[in-house]
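Participant: My structure is stored as target_35.pdb, with PDB, C-alpha atoms.
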```pdb
MODEL        1
ATOM      1  CA  MET A 126     -44.831  28.854 -13.171
ATOM      2  CA  VAL A 127     -42.069  26.745 -14.679
ATOM      3  CA  ARG A 128     -38.677  27.151 -12.994
ATOM      4  CA  ALA A 129     -36.128  28.749 -15.314
ATOM      5  CA  ASP A 130     -33.717  25.799 -15.014
ATOM      6  CA  ARG A 131     -36.457  23.433 -16.292
ATOM      7  CA  ALA A 132     -37.866  25.691 -19.013
ATOM      8  CA  GLY A 133     -35.497  24.552 -21.783
ATOM      9  CA  GLU A 134     -35.949  20.890 -20.879
ATOM     10  CA  LEU A 135     -39.743  21.237 -20.939
ATOM     11  CA  ARG A 136     -39.686  22.991 -24.291
ATOM     12  CA  ARG A 137     -37.661  20.048 -25.685
ATOM     13  CA  GLU A 138     -40.042  17.506 -24.122
ATOM     14  CA  VAL A 139     -43.078  19.247 -25.604
ATOM     15  CA  ALA A 140     -41.417  19.767 -28.994
ATOM     16  CA  ALA A 141     -40.466  16.067 -29.082
ATOM     17  CA  LEU A 142     -44.178  15.205 -29.098
ATOM     18  CA  ASP A 143     -44.777  16.948 -32.424
ATOM     19  CA  ARG A 144     -46.358  14.580 -34.944
ATOM     20  CA  GLN A 145     -46.562  11.729 -32.443
ATOM     21  CA  PRO A 146     -50.007  10.464 -31.528
ATOM     22  CA  PHE A 147     -50.720  10.982 -27.835
ATOM     23  CA  LEU A 148     -53.450  11.303 -25.280
ATOM     24  CA  LEU A 149     -53.096  14.084 -22.729
ATOM     25  CA  VAL A 150     -53.908  14.292 -19.038
ATOM     26  CA  LEU A 151     -53.503  17.898 -17.964
ATOM     27  CA  GLY A 152     -53.568  18.465 -14.228
ATOM     28  CA  ASN A 153     -51.515  18.207 -11.069
ATOM     29  CA  ASP A 154     -51.105  14.769  -9.523
ATOM     30  CA  PHE A 155     -53.718  15.274  -6.788
ATOM     31  CA  GLU A 156     -55.533  12.020  -5.944
ATOM     32  CA  HIS A 157     -58.883  13.518  -7.003
ATOM     33  CA  LYS A 158     -57.563  14.179 -10.509
ATOM     34  CA  ASN A 159     -57.563  10.383 -11.013
ATOM     35  CA  ARG A 160     -54.481  10.254 -13.195
ATOM     36  CA  ASP A 161     -54.160   6.611 -12.134
ATOM     37  CA  PHE A 162     -57.563   5.925 -13.713
ATOM     38  CA  ALA A 163     -56.429   7.655 -16.920
ATOM     39  CA  VAL A 164     -53.378   5.343 -16.933
ATOM     40  CA  LYS A 165     -55.716   2.332 -16.632
ATOM     41  CA  VAL A 166     -57.819   3.623 -19.536
ATOM     42  CA  PHE A 167     -54.654   4.152 -21.577
ATOM     43  CA  SER A 168     -53.402   0.640 -20.758
ATOM     44  CA  GLU A 169     -56.715  -0.861 -21.849
ATOM     45  CA  MET A 170     -56.602   1.154 -25.072
ATOM     46  CA  CYS A 171     -53.063  -0.121 -25.718
ATOM     47  CA  ALA A 172     -54.179  -3.701 -25.106
ATOM     48  CA  ARG A 173     -56.816  -3.102 -27.782
ATOM     49  CA  GLY A 174     -54.335  -1.702 -30.300
ATOM     50  CA  TYR A 175     -53.734   1.983 -29.503
ATOM     51  CA  SER A 176     -50.130   2.752 -30.457
ATOM     52  CA  GLY A 177     -49.686   6.303 -29.171
ATOM     53  CA  LEU A 178     -48.315   7.798 -25.971
ATOM     54  CA  LEU A 179     -49.923   9.062 -22.782
ATOM     55  CA  VAL A 180     -48.666  12.446 -21.602
ATOM     56  CA  LEU A 181     -49.183  13.391 -17.945
ATOM     57  CA  ALA A 182     -48.596  17.129 -17.513
ATOM     58  CA  GLY A 183     -48.879  18.976 -14.220
ATOM     59  CA  PHE A 184     -47.163  19.711 -10.937
ATOM     60  CA  HIS A 185     -46.003  16.908  -8.665
ATOM     61  CA  LEU A 186     -47.239  17.430  -5.127
ATOM     62  CA  ASP A 187     -45.866  16.041  -1.881
ATOM     63  CA  LEU A 188     -49.202  15.580  -0.089
ATOM     64  CA  GLY A 189     -52.349  14.093  -1.582
ATOM     65  CA  SER A 190     -50.510  12.877  -4.671
ATOM     66  CA  SER A 191     -51.202   9.869  -6.893
ATOM     67  CA  PHE A 192     -47.662   9.982  -8.315
ATOM     68  CA  ALA A 193     -46.291   6.972  -6.413
ATOM     69  CA  HIS A 194     -49.022   4.592  -7.557
ATOM     70  CA  GLU A 195     -50.465   6.024 -10.758
ATOM     71  CA  LEU A 196     -48.449   3.686 -12.994
ATOM     72  CA  THR A 197     -49.396   0.555 -11.018
ATOM     73  CA  GLY A 198     -50.480  -2.157 -13.419
ATOM     74  CA  ALA A 199     -49.173  -0.334 -16.490
ATOM     75  CA  GLN A 200     -45.707  -1.898 -16.566
ATOM     76  CA  GLU A 201     -46.180  -3.251 -20.094
ATOM     77  CA  TYR A 202     -46.930   0.264 -21.372
ATOM     78  CA  ALA A 203     -44.862   2.374 -18.947
ATOM     79  CA  SER A 204     -42.317   3.239 -21.649
ATOM     80  CA  ARG A 205     -45.130   4.993 -23.548
ATOM     81  CA  ILE A 206     -46.167   7.147 -20.588
ATOM     82  CA  VAL A 207     -44.459  10.538 -20.492
ATOM     83  CA  ARG A 208     -44.506  12.658 -17.320
ATOM     84  CA  ILE A 209     -43.434  16.166 -18.161
ATOM     85  CA  GLY A 210     -44.318  18.048 -14.990
ATOM     86  CA  PRO A 211     -45.654  21.608 -15.018
ATOM     87  CA  VAL A 212     -45.977  23.452 -18.310
ATOM     88  CA  SER A 213     -46.286  27.103 -19.287
ATOM     89  CA  ASN A 214     -49.510  28.471 -20.767
ATOM     90  CA  GLY A 215     -47.997  28.313 -24.240
ATOM     91  CA  GLU A 216     -46.901  24.703 -23.757
ATOM     92  CA  LYS A 217     -50.346  23.838 -22.377
ATOM     93  CA  THR A 218     -51.973  25.261 -25.486
ATOM     94  CA  THR A 219     -49.556  23.370 -27.721
ATOM     95  CA  LEU A 220     -50.226  20.095 -25.895
ATOM     96  CA  LEU A 221     -53.998  20.614 -26.040
ATOM     97  CA  GLU A 222     -53.753  21.369 -29.743
ATOM     98  CA  TRP A 223     -51.501  18.405 -30.634
ATOM     99  CA  ALA A 224     -53.237  15.762 -28.491
ATOM    100  CA  GLN A 225     -55.516  13.263 -30.193
ATOM    101  CA  ALA A 226     -57.764  13.538 -27.138
ATOM    102  CA  VAL A 227     -57.661  14.799 -23.574
ATOM    103  CA  LEU A 228     -58.517  12.469 -20.691
ATOM    104  CA  TYR A 229     -59.992  14.411 -17.778
ATOM    105  CA  PRO A 230     -61.325  11.941 -15.183
ATOM    106  CA  THR A 231     -61.273  14.244 -12.157
ATOM    107  CA  SER A 232     -63.748  13.375  -9.411
ATOM    108  CA  SER A 233     -63.798  16.842  -7.875
ATOM    109  CA  GLU A 234     -63.685  19.901 -10.067
ATOM    110  CA  GLY A 235     -64.806  23.408  -9.288
ATOM    111  CA  PHE A 236     -64.241  24.965 -12.692
ATOM    112  CA  GLY A 237     -63.481  22.230 -15.215
ATOM    113  CA  LEU A 238     -61.815  24.536 -17.725
ATOM    114  CA  VAL A 239     -59.530  21.966 -19.383
ATOM    115  CA  PRO A 240     -62.288  20.312 -21.485
ATOM    116  CA  PHE A 241     -63.443  23.719 -22.683
ATOM    117  CA  GLU A 242     -59.901  24.821 -23.516
ATOM    118  CA  ALA A 243     -59.428  21.587 -25.482
ATOM    119  CA  ALA A 244     -62.764  22.036 -27.276
ATOM    120  CA  ALA A 245     -61.822  25.583 -28.283
ATOM    121  CA  LEU A 246     -58.828  24.048 -30.072
ATOM    122  CA  GLY A 247     -60.895  21.267 -31.656
ATOM    123  CA  THR A 248     -59.517  18.518 -29.407
ATOM    124  CA  PRO A 249     -62.037  16.032 -27.986
ATOM    125  CA  THR A 250     -62.114  15.325 -24.252
ATOM    126  CA  ALA A 251     -63.243  12.270 -22.334
ATOM    127  CA  PHE A 252     -64.352  13.408 -18.885
ATOM    128  CA  VAL A 253     -66.396  12.293 -15.924
ATOM    129  CA  SER A 254     -69.896  13.750 -15.747
ATOM    130  CA  PHE A 255     -69.436  15.135 -12.247
ATOM    131  CA  GLY A 256     -69.793  18.482 -10.501
ATOM    132  CA  SER A 257     -69.294  21.477 -12.748
ATOM    133  CA  LEU A 258     -68.581  19.259 -15.755
ATOM    134  CA  ARG A 259     -72.052  17.748 -15.577
TER     135      ARG A 259
ENDMDL
END
```
Translate this file's structure into structure tokens.
Facilitator:
Amino acid sequence: MVRADRAGELRREVAALDRQPFLLVLGNDFEHKNRDFAVKVFSEMCARGYSGLLVLAGFHLDLGSSFAHELTGAQEYASRIVRIGPVSNGEKTTLLEWAQAVLYPTSSEGFGLVPFEAAALGTPTAFVSFGSLR
């Protein structure tokens, strides 16, 4: 649930993405979600000419988090990486709908719903063939 004092700010952050090309990583910053790998993929895409943004959406956690190191090596493209924290269900749907693609490189997933939610909206997903996603 998004705290009330952040709700307006998040709505502005999500609305600001309208009509901008971006890739989306939707998930908390647990190590096993591999957001740092998604940042590496994004950086490589940028080096090859991708001009959009990378949006990292999800809760920041104190323990087991990749937050402190997930931007390592992406300094050249860091200004194009947007961390927006947790989002409401409506904002999640909007992000999934507006994204050019969803990156979902999690290495441990029990349900793997994000790729299916993206597919239902016509948004392609790049994911790791692991666990329930296989």
Participant: May I have the residues at most 9 Å from (-46.6, 10.2, -21.6) in the file's coordinates, counting only C-alpha atoms, as a list in words?
Facilitator: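 Nearby residues: Phe147, Leu148, Leu149, Val150, Leu178, Leu179, Val180, Leu181, Ala182, Ala203, Ser204, Arg205, Ile206, Val207, Arg208 and Ile209 of chain A.
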Participant: Point out the residue among A:Thr250, A:Gln200, A:Gln225, A:Ser190 with the least atom-to-atom distance to A:Leu238, counting all atoms listed in the file.
Facilitator: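 Ranking A:Thr250, A:Gln200, A:Gln225, A:Ser190 by distance to A:Leu238, first place goes to A:Thr250.
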Participant: Between A:Val212, A:Leu151, A:Val164, A:Leu186, which one has atoms that come closest to A:Val227, using all atoms listed in the file?
Facilitator: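 The shortest atom-to-atom distance to A:Val227 comes from A:Leu151.
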Participant: Care to translate the PyMOL selection byres ((chain A and resi 218-220) around 12) into actual residues of this file, as a ChimeraX atom specification?
Facilitator: /A:135-136,138-151,179-183,209,211-217,221-227,239,241-248
Participant: Could you tell me which of A:Thr231, A:Phe192, A:Phe252, A:His185 comes closest to A:Gly210 if we count only C-alpha atoms?
Facilitator: A:His185
Participant: Any idea what the distance is between atom CA of A:Asp187 and atom CA of A:His157?
Facilitator: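 According to the coordinates, atom CA of A:Asp187 and atom CA of A:His157 are separated by 14.2 Å.
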Participant: Near A:Tyr202, counting only C-alpha atoms, which residues have an atom at most 10 Å away, once you skip same-chain residues fewer than 5 positions from it, shown as a ChimeraX atom specification?
Facilitator: /A:164,167-169,171-172,176,178-179,196
Participant: Between atom CA of A:Ser254 and atom CA of A:Ala199, measure the distance and give it in Å to one decimal.
Facilitator: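 Going from atom CA of A:Ser254 over to atom CA of A:Ala199, I get 25.1 Å.
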Participant: Centre and edge lengths of an axis-aligned box around all listed atoms of stretch 183-191 of chain A, with 8 Å added on each side, are to be given in Å to one decimal, as lines of an AutoDock Vina configuration file.
Facilitator:
```
center_x = -49.1
center_y = 14.8
center_z = -7.2
size_x = 22.5
size_y = 25.8
size_z = 30.1
```
Participant: So how far away is atom CA of A:Arg137 from atom CA of A:Met170, in Å?
Facilitator: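 A separation of 26.8 Å between them.
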Participant: Identify, on the basis of only C-alpha atoms, every residue whose closest approach to A:Glu156 does not exceed 8 Å; exclude the query and any residue fewer than 2 positions from it along the same chain; express the result as a ChimeraX atom specification.
Facilitator: /A:154,158-160,189-191
Participant: For A:Phe162, which of A:Val253, A:Glu201, A:Ser233, A:Glu195 is the closest residue, counting only C-alpha atoms?
Facilitator: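 Nearest candidate to A:Phe162 out of A:Val253, A:Glu201, A:Ser233, A:Glu195: A:Glu195.
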